[in-house]
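Asker: Structure: protein-v9.txt, compact mmCIF, C-alpha atoms.
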```txt
# COMPACT_ATOMS: atom_id res chain seq x y z
CA MET A 3 -19.72 33.57 383.03
CA ASP A 4 -16.45 34.35 381.24
CA ALA A 5 -13.03 33.52 382.70
CA ARG A 6 -11.72 36.94 381.67
CA ASP A 7 -14.60 38.59 383.52
CA LEU A 8 -13.69 36.61 386.64
CA ALA A 9 -10.02 37.58 386.27
CA THR A 10 -11.03 41.24 386.00
CA PHE A 11 -13.29 40.90 389.05
CA GLU A 12 -10.41 39.35 391.02
CA SER A 13 -8.09 42.19 390.06
CA VAL A 14 -10.59 44.88 391.09
CA ALA A 15 -11.28 43.12 394.40
CA ARG A 16 -7.59 42.66 395.20
CA LEU A 17 -6.56 46.19 394.25
CA GLY A 18 -9.67 47.96 395.54
CA GLY A 19 -10.55 49.99 392.46
CA MET A 20 -11.46 49.89 388.78
CA GLY A 21 -8.68 52.30 387.78
CA ARG A 22 -5.98 50.36 389.62
CA ALA A 23 -7.20 47.12 388.04
CA ALA A 24 -7.18 48.73 384.58
CA ARG A 25 -3.53 49.75 385.03
CA GLU A 26 -2.55 46.24 386.15
CA LEU A 27 -4.44 44.66 383.25
CA ASN A 28 -3.05 47.21 380.78
CA THR A 29 -6.47 48.35 379.58
CA VAL A 30 -8.80 51.31 379.97
CA GLN A 31 -11.09 51.69 382.98
CA SER A 32 -14.25 51.52 380.86
CA ASN A 33 -13.34 47.97 379.80
CA VAL A 34 -12.91 46.93 383.43
CA THR A 35 -16.23 48.51 384.39
CA GLN A 36 -17.99 46.81 381.48
CA ARG A 37 -16.66 43.36 382.40
CA VAL A 38 -17.66 43.76 386.05
CA ARG A 39 -21.18 44.89 385.09
CA ARG A 40 -21.51 41.98 382.67
CA LEU A 41 -20.52 39.56 385.43
CA GLU A 42 -23.00 41.16 387.84
CA GLU A 43 -25.78 40.89 385.26
CA ALA A 44 -24.97 37.24 384.55
CA LEU A 45 -25.06 36.39 388.26
CA GLY A 46 -27.95 38.68 389.15
CA VAL A 47 -26.11 40.19 392.13
CA THR A 48 -24.10 43.31 392.97
CA LEU A 49 -20.45 42.45 393.54
CA PHE A 50 -19.00 45.84 394.54
CA GLU A 51 -20.01 48.87 396.54
CA ARG A 52 -18.60 51.73 394.48
CA SER A 53 -17.45 55.06 395.90
CA ARG A 54 -14.92 57.78 395.19
CA ALA A 55 -12.46 55.89 397.37
CA GLY A 56 -12.68 52.78 395.19
CA ALA A 57 -14.63 49.52 395.06
CA ARG A 58 -15.38 47.33 398.07
CA LEU A 59 -16.73 43.80 397.87
CA THR A 60 -20.34 43.13 398.81
CA ALA A 61 -21.30 39.94 400.65
CA ALA A 62 -21.93 38.31 397.26
CA GLY A 63 -18.52 39.47 396.05
CA GLU A 64 -16.87 37.99 399.14
CA ARG A 65 -18.48 34.64 398.36
CA LEU A 66 -17.34 34.77 394.74
CA MET A 67 -13.74 35.82 395.45
CA PRO A 68 -12.31 32.37 396.39
CA TYR A 69 -13.67 30.91 393.15
CA ALA A 70 -12.26 33.73 391.05
CA THR A 71 -8.84 33.24 392.64
CA ARG A 72 -9.04 29.50 392.04
CA VAL A 73 -10.00 29.95 388.37
CA ASP A 74 -7.08 32.32 387.84
CA ALA A 75 -4.68 29.80 389.37
CA LEU A 76 -6.16 26.95 387.33
CA LEU A 77 -5.78 28.90 384.08
CA ASP A 78 -2.15 29.59 384.91
CA GLU A 79 -1.64 25.92 385.78
CA ALA A 80 -3.33 24.86 382.55
CA GLY A 81 -0.97 27.05 380.53
CA ARG A 82 2.07 25.60 382.25
CA ALA A 83 0.78 22.06 381.72
CA ALA A 84 0.25 22.69 377.99
CA ARG A 85 3.79 24.04 377.62
CA ASP A 86 5.32 21.17 379.65
CA ASP A 87 6.82 18.75 377.11
CA GLY A 88 8.51 16.53 379.71
CA ALA A 89 11.80 18.41 379.92
CA PRO A 90 12.36 20.04 383.35
CA ARG A 91 12.36 23.79 382.77
CA GLY A 92 10.76 27.02 383.95
CA THR A 93 10.13 28.26 387.48
CA LEU A 94 9.73 25.71 390.28
CA THR A 95 8.60 27.19 393.60
CA VAL A 96 8.77 24.91 396.63
CA GLY A 97 8.59 25.49 400.38
CA SER A 98 10.42 24.13 403.39
CA LEU A 99 10.76 24.32 407.12
CA GLU A 100 13.75 26.48 408.00
CA THR A 101 15.33 23.57 409.88
CA THR A 102 14.98 21.26 406.86
CA ALA A 103 16.48 23.90 404.59
CA ALA A 104 19.44 24.32 406.93
CA LEU A 105 20.03 20.60 407.53
CA ARG A 106 19.07 18.79 404.37
CA LEU A 107 18.46 20.94 401.33
CA SER A 108 21.55 23.04 400.62
CA PRO A 109 23.61 20.29 398.89
CA LEU A 110 20.51 18.84 397.20
CA LEU A 111 19.46 22.21 395.81
CA ALA A 112 22.94 22.94 394.52
CA SER A 113 23.23 19.59 392.73
CA PHE A 114 19.66 19.85 391.37
CA VAL A 115 20.31 23.26 389.83
CA GLN A 116 23.52 21.94 388.30
CA ALA A 117 21.74 18.88 386.89
CA HIS A 118 18.77 20.87 385.55
CA PRO A 119 20.00 24.30 384.38
CA GLY A 120 16.67 25.00 382.65
CA VAL A 121 14.83 25.14 385.99
CA ASP A 122 14.64 28.40 387.94
CA LEU A 123 14.32 27.13 391.51
CA VAL A 124 12.65 29.29 394.17
CA LEU A 125 12.66 28.19 397.84
CA ARG A 126 10.31 29.71 400.43
CA THR A 127 10.65 28.92 404.15
CA GLY A 128 8.12 29.07 406.96
CA THR A 129 6.23 27.02 409.51
CA THR A 130 4.37 23.81 408.71
CA ALA A 131 1.01 25.62 408.89
CA GLU A 132 2.22 28.37 406.54
CA MET A 133 3.68 25.93 404.03
CA VAL A 134 0.56 23.73 403.96
CA GLU A 135 -1.65 26.79 403.45
CA ARG A 136 0.52 27.99 400.54
CA VAL A 137 0.45 24.57 398.88
CA LEU A 138 -3.34 24.47 399.23
CA GLY A 139 -3.50 28.00 397.81
CA ARG A 140 -1.37 26.90 394.81
CA GLU A 141 1.37 29.39 395.71
CA LEU A 142 3.83 26.49 396.02
CA GLU A 143 4.03 23.32 393.94
CA GLY A 144 5.03 21.43 397.07
CA ALA A 145 6.71 21.82 400.46
CA PHE A 146 8.76 19.97 403.07
CA VAL A 147 6.83 20.05 406.36
CA CYS A 148 6.65 18.18 409.64
CA GLY A 149 4.55 15.04 409.36
CA PRO A 150 2.18 13.46 409.54
CA VAL A 151 -0.05 15.62 407.35
CA LEU A 152 -3.55 14.20 406.84
CA HIS A 153 -5.51 16.35 404.41
CA PRO A 154 -7.86 15.08 401.67
CA GLN A 155 -6.52 17.59 399.13
CA LEU A 156 -2.84 16.74 399.69
CA VAL A 157 -0.49 13.92 398.73
CA SER A 158 2.19 13.34 401.36
CA THR A 159 5.51 11.54 400.73
CA SER A 160 8.09 10.72 403.39
CA ALA A 161 11.32 12.63 402.79
CA PHE A 162 13.58 12.72 405.87
CA THR A 163 13.69 11.36 409.41
CA GLU A 164 14.88 13.66 412.17
CA GLU A 165 15.83 13.04 415.80
CA LEU A 166 14.49 15.85 417.96
CA ALA A 167 16.27 17.01 421.10
CA LEU A 168 15.39 19.43 423.86
CA LEU A 169 17.88 22.30 423.68
CA SER A 170 19.09 24.30 426.66
CA ALA A 171 22.01 26.43 427.73
CA PRO A 172 25.21 24.38 428.29
CA THR A 173 25.00 24.98 432.05
CA GLU A 174 21.91 22.75 432.30
CA THR A 175 23.64 19.35 432.49
CA THR A 176 20.51 17.16 432.58
CA LEU A 177 17.01 17.30 431.14
CA ALA A 178 15.53 17.22 434.64
CA ALA A 179 17.67 20.20 435.67
CA ALA A 180 16.62 22.14 432.59
CA LEU A 181 12.94 21.59 433.35
CA GLN A 182 13.25 22.53 437.04
CA ARG A 183 14.34 26.12 436.47
CA PRO A 184 11.91 28.47 438.23
CA ASP A 185 12.10 31.02 435.40
CA LEU A 186 11.78 28.45 432.59
CA ARG A 187 10.57 29.84 429.24
CA LEU A 188 9.88 28.34 425.85
CA VAL A 189 11.97 29.78 423.03
CA ILE A 190 9.93 29.12 419.91
CA LEU A 191 8.89 30.20 416.45
CA ARG A 192 5.56 31.87 415.79
CA ALA A 193 2.25 29.99 415.92
CA GLY A 194 1.99 27.30 413.28
CA CYS A 195 5.40 25.81 414.04
CA SER A 196 5.04 22.03 414.43
CA TYR A 197 8.04 21.76 416.76
CA ARG A 198 6.46 24.35 419.04
CA GLN A 199 3.36 22.18 419.40
CA ARG A 200 5.45 19.06 420.01
CA LEU A 201 7.47 20.84 422.71
CA GLU A 202 4.32 21.92 424.57
CA GLU A 203 2.93 18.36 424.38
CA LEU A 204 6.25 16.89 425.56
CA LEU A 205 6.33 19.20 428.58
CA ALA A 206 2.66 18.61 429.39
CA ARG A 207 3.34 14.87 429.67
CA ARG A 208 5.92 15.77 432.31
CA GLY A 209 3.53 18.03 434.19
CA VAL A 210 5.16 21.24 432.98
CA VAL A 211 2.47 23.62 431.71
CA GLY A 212 1.68 27.33 431.51
CA LEU A 213 5.21 28.46 430.69
CA ARG A 214 5.88 31.90 429.30
CA ARG A 215 6.96 32.06 425.67
CA LEU A 216 9.64 33.95 423.83
CA GLU A 217 8.84 34.04 420.11
CA PHE A 218 11.50 34.66 417.48
CA GLY A 219 11.29 34.85 413.71
CA THR A 220 14.43 32.95 412.73
CA LEU A 221 16.23 29.76 413.64
CA GLU A 222 19.43 31.65 414.33
CA ALA A 223 17.67 33.91 416.84
CA ILE A 224 16.16 30.92 418.67
CA LEU A 225 19.50 29.15 419.00
CA GLY A 226 21.13 32.35 420.19
CA ALA A 227 18.47 32.87 422.86
CA VAL A 228 18.78 29.27 424.10
CA SER A 229 22.58 29.56 424.22
CA ALA A 230 22.23 32.73 426.30
CA GLY A 231 20.09 30.88 428.86
CA LEU A 232 16.79 32.58 428.04
CA GLY A 233 14.87 29.28 427.80
CA ILE A 234 14.53 25.89 426.14
CA SER A 235 13.52 24.81 422.66
CA LEU A 236 12.90 21.67 420.61
CA MET A 237 14.83 21.22 417.36
CA PRO A 238 16.46 18.48 415.29
CA ARG A 239 19.55 17.26 417.14
CA ALA A 240 21.62 17.38 413.97
CA LEU A 241 21.41 21.19 413.94
CA ILE A 242 23.86 21.38 416.82
CA GLY A 243 26.61 19.88 414.68
CA PRO A 244 26.69 22.02 411.53
CA THR A 245 25.11 25.13 413.05
CA TRP A 246 26.28 25.51 416.65
CA ARG A 247 29.64 24.07 417.68
CA GLY A 248 31.90 24.55 420.65
CA GLY A 249 29.46 23.68 423.45
CA LYS A 250 27.27 26.75 423.00
CA ILE A 251 24.10 24.65 423.39
CA ARG A 252 23.34 21.41 425.19
CA ALA A 253 21.12 18.89 423.34
CA HIS A 254 19.24 16.57 425.73
CA ARG A 255 18.26 13.19 424.29
CA LEU A 256 14.61 12.18 424.37
CA PRO A 257 12.91 8.77 424.33
CA ALA A 258 12.66 7.43 420.78
CA ALA A 259 8.86 7.77 420.73
CA GLU A 260 9.19 11.50 421.35
CA ALA A 261 12.38 12.12 419.40
CA GLN A 262 11.61 10.57 416.01
CA VAL A 263 9.78 12.80 413.54
CA GLN A 264 9.15 12.51 409.82
CA THR A 265 9.65 15.39 407.40
CA VAL A 266 7.26 14.88 404.49
CA PHE A 267 6.85 16.50 401.09
CA VAL A 268 3.28 17.58 400.35
CA ARG A 269 1.62 18.69 397.10
CA ARG A 270 -1.94 19.15 395.91
CA ARG A 271 -3.69 15.93 394.91
CA ASP A 272 -5.59 17.58 392.04
CA MET A 273 -2.60 19.45 390.62
CA LEU A 274 -0.66 17.75 387.82
CA PRO A 275 3.00 17.84 388.92
CA SER A 276 5.26 19.64 386.47
CA SER A 277 8.25 17.91 384.93
CA ALA A 278 10.44 20.18 387.05
CA LEU A 279 8.72 19.05 390.25
CA LEU A 280 8.94 15.36 389.29
CA ALA A 281 12.66 15.78 388.55
CA PHE A 282 13.13 17.59 391.88
CA GLN A 283 11.40 14.86 393.90
CA LYS A 284 13.42 12.17 392.11
CA HIS A 285 16.63 14.10 392.78
CA VAL A 286 15.84 14.44 396.50
CA THR A 287 15.03 10.73 396.80
CA LYS A 288 18.23 9.78 394.97
CA GLY A 289 20.25 12.14 397.16
CA GLN A 290 18.90 10.51 400.32
CA ARG A 291 20.07 7.08 399.19
CA LYS A 292 23.68 8.17 398.85
```
Could you write out this structure as structure tokens?

Answerer:
Amino acid sequence: MDARDLATFESVARLGGMGRAARELNTVQSNVTQRVRRLEEALGVTLFERSRAGARLTAAGERLMPYATRVDALLDEAGRAARDDGAPRGTLTVGSLETTAALRLSPLLASFVQAHPGVDLVLRTGTTAEMVERVLGRELEGAFVCGPVLHPQLVSTSAFTEELALLSAPTETTLAAALQRPDLRLVILRAGCSYRQRLEELLARRGVVGLRRLEFGTLEAILGAVSAGLGISLMPRALIGPTWRGGKIRAHRLPAAEAQVQTVFVRRRDMLPSSALLAFQKHVTKGQRK
């Protein structure tokens, strides 16, 4: 089995056709067809169902696809490792919770870019579940997510400590009053958000279950909905300072056991960290000590 054959197979599978793969790979279609046939002969299975509409994976092709994707990522990683001479440079793609990006990362990112002009930094935001999946899929070199994260393929390092608070409209003067509203709703991010899960667990311990949900795609939209009295949410208390001033939202304190949460930085255990990533982690740690 040849790595180039696997890369060609992955391209055909992803794009759904030999011709489309040939254009992406900057070659002729006959070369793509030949490589796919050679791979099929080596494995003794048919990988695609061919038709005028394109090429669709067989069951055998579906089983092979994750390995082909992994090989392609490993080859790319190997090339970057060979070119890495210890000086931080090149593209560094990391992920973060939106709350962490808003609260913690802006000054650190600015000073990191200034200190390491050879690094092209890319930041992706999303939920904890999304960020973990992208790190596992090698789309991100690492990500800031809500801890703890216990996964055999990941290394987890503590980064920040946050104090969570239950957020409500300013008219709800106490936590008890906020939870006693007959039309109470949860204002939350999409599934996969760690704070969403913590909020549901917190309410369940207080006998509040089965609430209707309002899902929003951005932090700004959630805070706006809470301020307007549409429901309650759970977010880091510090957000109310830099993000929402002037009494637009009330932050209700929680017991320490429920309020304290660790933000951790995760990366793949089997992936050699680039010099850019090592410099980034060192910069974040140094920035936290100031």

Asker: Go ahead and compute the interatomic distance for CA of Arg215 (chain A) and CA of Glu135 (chain A), in Å to one decimal.

Answerer: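 CA of Glu135 (chain A) lies at a distance of 24.4 Å from CA of Arg215 (chain A).
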
Asker: Any idea what's packed within 10 Å of region 77-81 of chain A, counting only C-alpha atoms, ignoring anything in its chain fewer than 6 positions away? Could you give it as a PyMOL selection string?

Answerer: chain A and resi 5+9+140+273-276

Asker: For Cys195 (chain A), which residue out of A:Thr101, A:Thr287, A:Ser108, A:Thr159 is the nearest one, using all atoms listed in the file?

Answerer: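 With all atoms listed in the file as the atom set, the closest residue is A:Thr101.
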
Asker: Could you tell me which of A:Val266, A:Val73, A:Val228, A:Val151 comes closest to Ala131 (chain A) if we count only C-alpha atoms?

Answerer: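 Among A:Val266, A:Val73, A:Val228, A:Val151, it is A:Val151 that comes nearest to Ala131 (chain A).
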
Asker: Find the spatial neighbours of Leu110 (chain A), counting all atoms listed in the file, within a cut-off of 12 Å - ignore same-chain residues fewer than 5 positions away - and output them as an NGL selection string.

Answerer: :A and (102-105 or 115-118 or 123 or 282-292)

Asker: Could you give me region 18-41 of chain A completed to N, CA, C and O atoms, formatted as an mmCIF file, keeping the file's coordinate frame?

Answerer:
```cif
data_model
loop_
_atom_site.group_PDB
_atom_site.id
_atom_site.type_symbol
_atom_site.label_atom_id
_atom_site.label_comp_id
_atom_site.auth_asym_id
_atom_site.auth_seq_id
_atom_site.Cartn_x
_atom_site.Cartn_y
_atom_site.Cartn_z
ATOM 1 N N GLY A 18 -8.762 47.001 394.923
ATOM 2 C CA GLY A 18 -9.670 47.960 395.540
ATOM 3 C C GLY A 18 -10.137 49.082 394.654
ATOM 4 O O GLY A 18 -10.569 50.121 395.162
ATOM 5 N N GLY A 19 -10.085 48.913 393.332
ATOM 6 C CA GLY A 19 -10.550 49.990 392.460
ATOM 7 C C GLY A 19 -10.492 49.603 390.993
ATOM 8 O O GLY A 19 -9.648 48.806 390.584
ATOM 9 N N MET A 20 -11.416 50.181 390.217
ATOM 10 C CA MET A 20 -11.460 49.890 388.780
ATOM 11 C C MET A 20 -10.222 50.454 388.064
ATOM 12 O O MET A 20 -9.652 49.804 387.181
ATOM 13 N N GLY A 21 -9.824 51.674 388.431
ATOM 14 C CA GLY A 21 -8.680 52.300 387.780
ATOM 15 C C GLY A 21 -7.396 51.535 388.030
ATOM 16 O O GLY A 21 -6.587 51.330 387.119
ATOM 17 N N ARG A 22 -7.198 51.106 389.284
ATOM 18 C CA ARG A 22 -5.980 50.360 389.620
ATOM 19 C C ARG A 22 -5.958 49.014 388.871
ATOM 20 O O ARG A 22 -4.911 48.573 388.417
ATOM 21 N N ALA A 23 -7.130 48.380 388.782
ATOM 22 C CA ALA A 23 -7.200 47.120 388.040
ATOM 23 C C ALA A 23 -6.908 47.337 386.562
ATOM 24 O O ALA A 23 -6.226 46.527 385.930
ATOM 25 N N ALA A 24 -7.413 48.443 385.999
ATOM 26 C CA ALA A 24 -7.180 48.730 384.580
ATOM 27 C C ALA A 24 -5.686 48.894 384.303
ATOM 28 O O ALA A 24 -5.169 48.403 383.291
ATOM 29 N N ARG A 25 -4.971 49.564 385.219
ATOM 30 C CA ARG A 25 -3.530 49.750 385.030
ATOM 31 C C ARG A 25 -2.803 48.409 385.096
ATOM 32 O O ARG A 25 -1.881 48.154 384.325
ATOM 33 N N GLU A 26 -3.202 47.547 386.030
ATOM 34 C CA GLU A 26 -2.550 46.240 386.150
ATOM 35 C C GLU A 26 -2.824 45.386 384.912
ATOM 36 O O GLU A 26 -1.938 44.660 384.438
ATOM 37 N N LEU A 27 -4.051 45.473 384.393
ATOM 38 C CA LEU A 27 -4.440 44.660 383.250
ATOM 39 C C LEU A 27 -4.077 45.305 381.913
ATOM 40 O O LEU A 27 -4.375 44.744 380.855
ATOM 41 N N ASN A 28 -3.483 46.499 381.981
ATOM 42 C CA ASN A 28 -3.050 47.210 380.780
ATOM 43 C C ASN A 28 -4.222 47.467 379.824
ATOM 44 O O ASN A 28 -4.161 47.178 378.623
ATOM 45 N N THR A 29 -5.291 48.013 380.372
ATOM 46 C CA THR A 29 -6.470 48.350 379.580
ATOM 47 C C THR A 29 -7.061 49.643 380.113
ATOM 48 O O THR A 29 -6.525 50.248 381.052
ATOM 49 N N VAL A 30 -8.167 50.078 379.513
ATOM 50 C CA VAL A 30 -8.800 51.310 379.970
ATOM 51 C C VAL A 30 -9.856 50.970 381.019
ATOM 52 O O VAL A 30 -10.389 49.859 381.063
ATOM 53 N N GLN A 31 -10.178 51.944 381.866
ATOM 54 C CA GLN A 31 -11.090 51.690 382.980
ATOM 55 C C GLN A 31 -12.489 51.302 382.499
ATOM 56 O O GLN A 31 -13.169 50.499 383.140
ATOM 57 N N SER A 32 -12.913 51.840 381.360
ATOM 58 C CA SER A 32 -14.250 51.520 380.860
ATOM 59 C C SER A 32 -14.382 50.029 380.541
ATOM 60 O O SER A 32 -15.453 49.440 380.731
ATOM 61 N N ASN A 33 -13.304 49.412 380.074
ATOM 62 C CA ASN A 33 -13.340 47.970 379.800
ATOM 63 C C ASN A 33 -13.495 47.168 381.078
ATOM 64 O O ASN A 33 -14.228 46.175 381.128
ATOM 65 N N VAL A 34 -12.808 47.610 382.134
ATOM 66 C CA VAL A 34 -12.910 46.930 383.430
ATOM 67 C C VAL A 34 -14.337 47.060 383.956
ATOM 68 O O VAL A 34 -14.948 46.075 384.405
ATOM 69 N N THR A 35 -14.869 48.271 383.908
ATOM 70 C CA THR A 35 -16.230 48.510 384.390
ATOM 71 C C THR A 35 -17.245 47.660 383.624
ATOM 72 O O THR A 35 -18.163 47.075 384.216
ATOM 73 N N GLN A 36 -17.072 47.587 382.315
ATOM 74 C CA GLN A 36 -17.990 46.810 381.480
ATOM 75 C C GLN A 36 -17.951 45.329 381.844
ATOM 76 O O GLN A 36 -18.998 44.672 381.925
ATOM 77 N N ARG A 37 -16.771 44.782 382.055
ATOM 78 C CA ARG A 37 -16.660 43.360 382.400
ATOM 79 C C ARG A 37 -17.286 43.071 383.761
ATOM 80 O O ARG A 37 -17.954 42.045 383.948
ATOM 81 N N VAL A 38 -17.071 43.969 384.726
ATOM 82 C CA VAL A 38 -17.660 43.760 386.050
ATOM 83 C C VAL A 38 -19.177 43.814 385.970
ATOM 84 O O VAL A 38 -19.881 42.982 386.560
ATOM 85 N N ARG A 39 -19.718 44.782 385.233
ATOM 86 C CA ARG A 39 -21.180 44.890 385.090
ATOM 87 C C ARG A 39 -21.751 43.663 384.391
ATOM 88 O O ARG A 39 -22.825 43.175 384.749
ATOM 89 N N ARG A 40 -21.043 43.159 383.380
ATOM 90 C CA ARG A 40 -21.510 41.980 382.670
ATOM 91 C C ARG A 40 -21.551 40.770 383.597
ATOM 92 O O ARG A 40 -22.482 39.958 383.551
ATOM 93 N N LEU A 41 -20.553 40.662 384.469
ATOM 94 C CA LEU A 41 -20.520 39.560 385.430
ATOM 95 C C LEU A 41 -21.666 39.696 386.432
ATOM 96 O O LEU A 41 -22.326 38.704 386.781
#
```
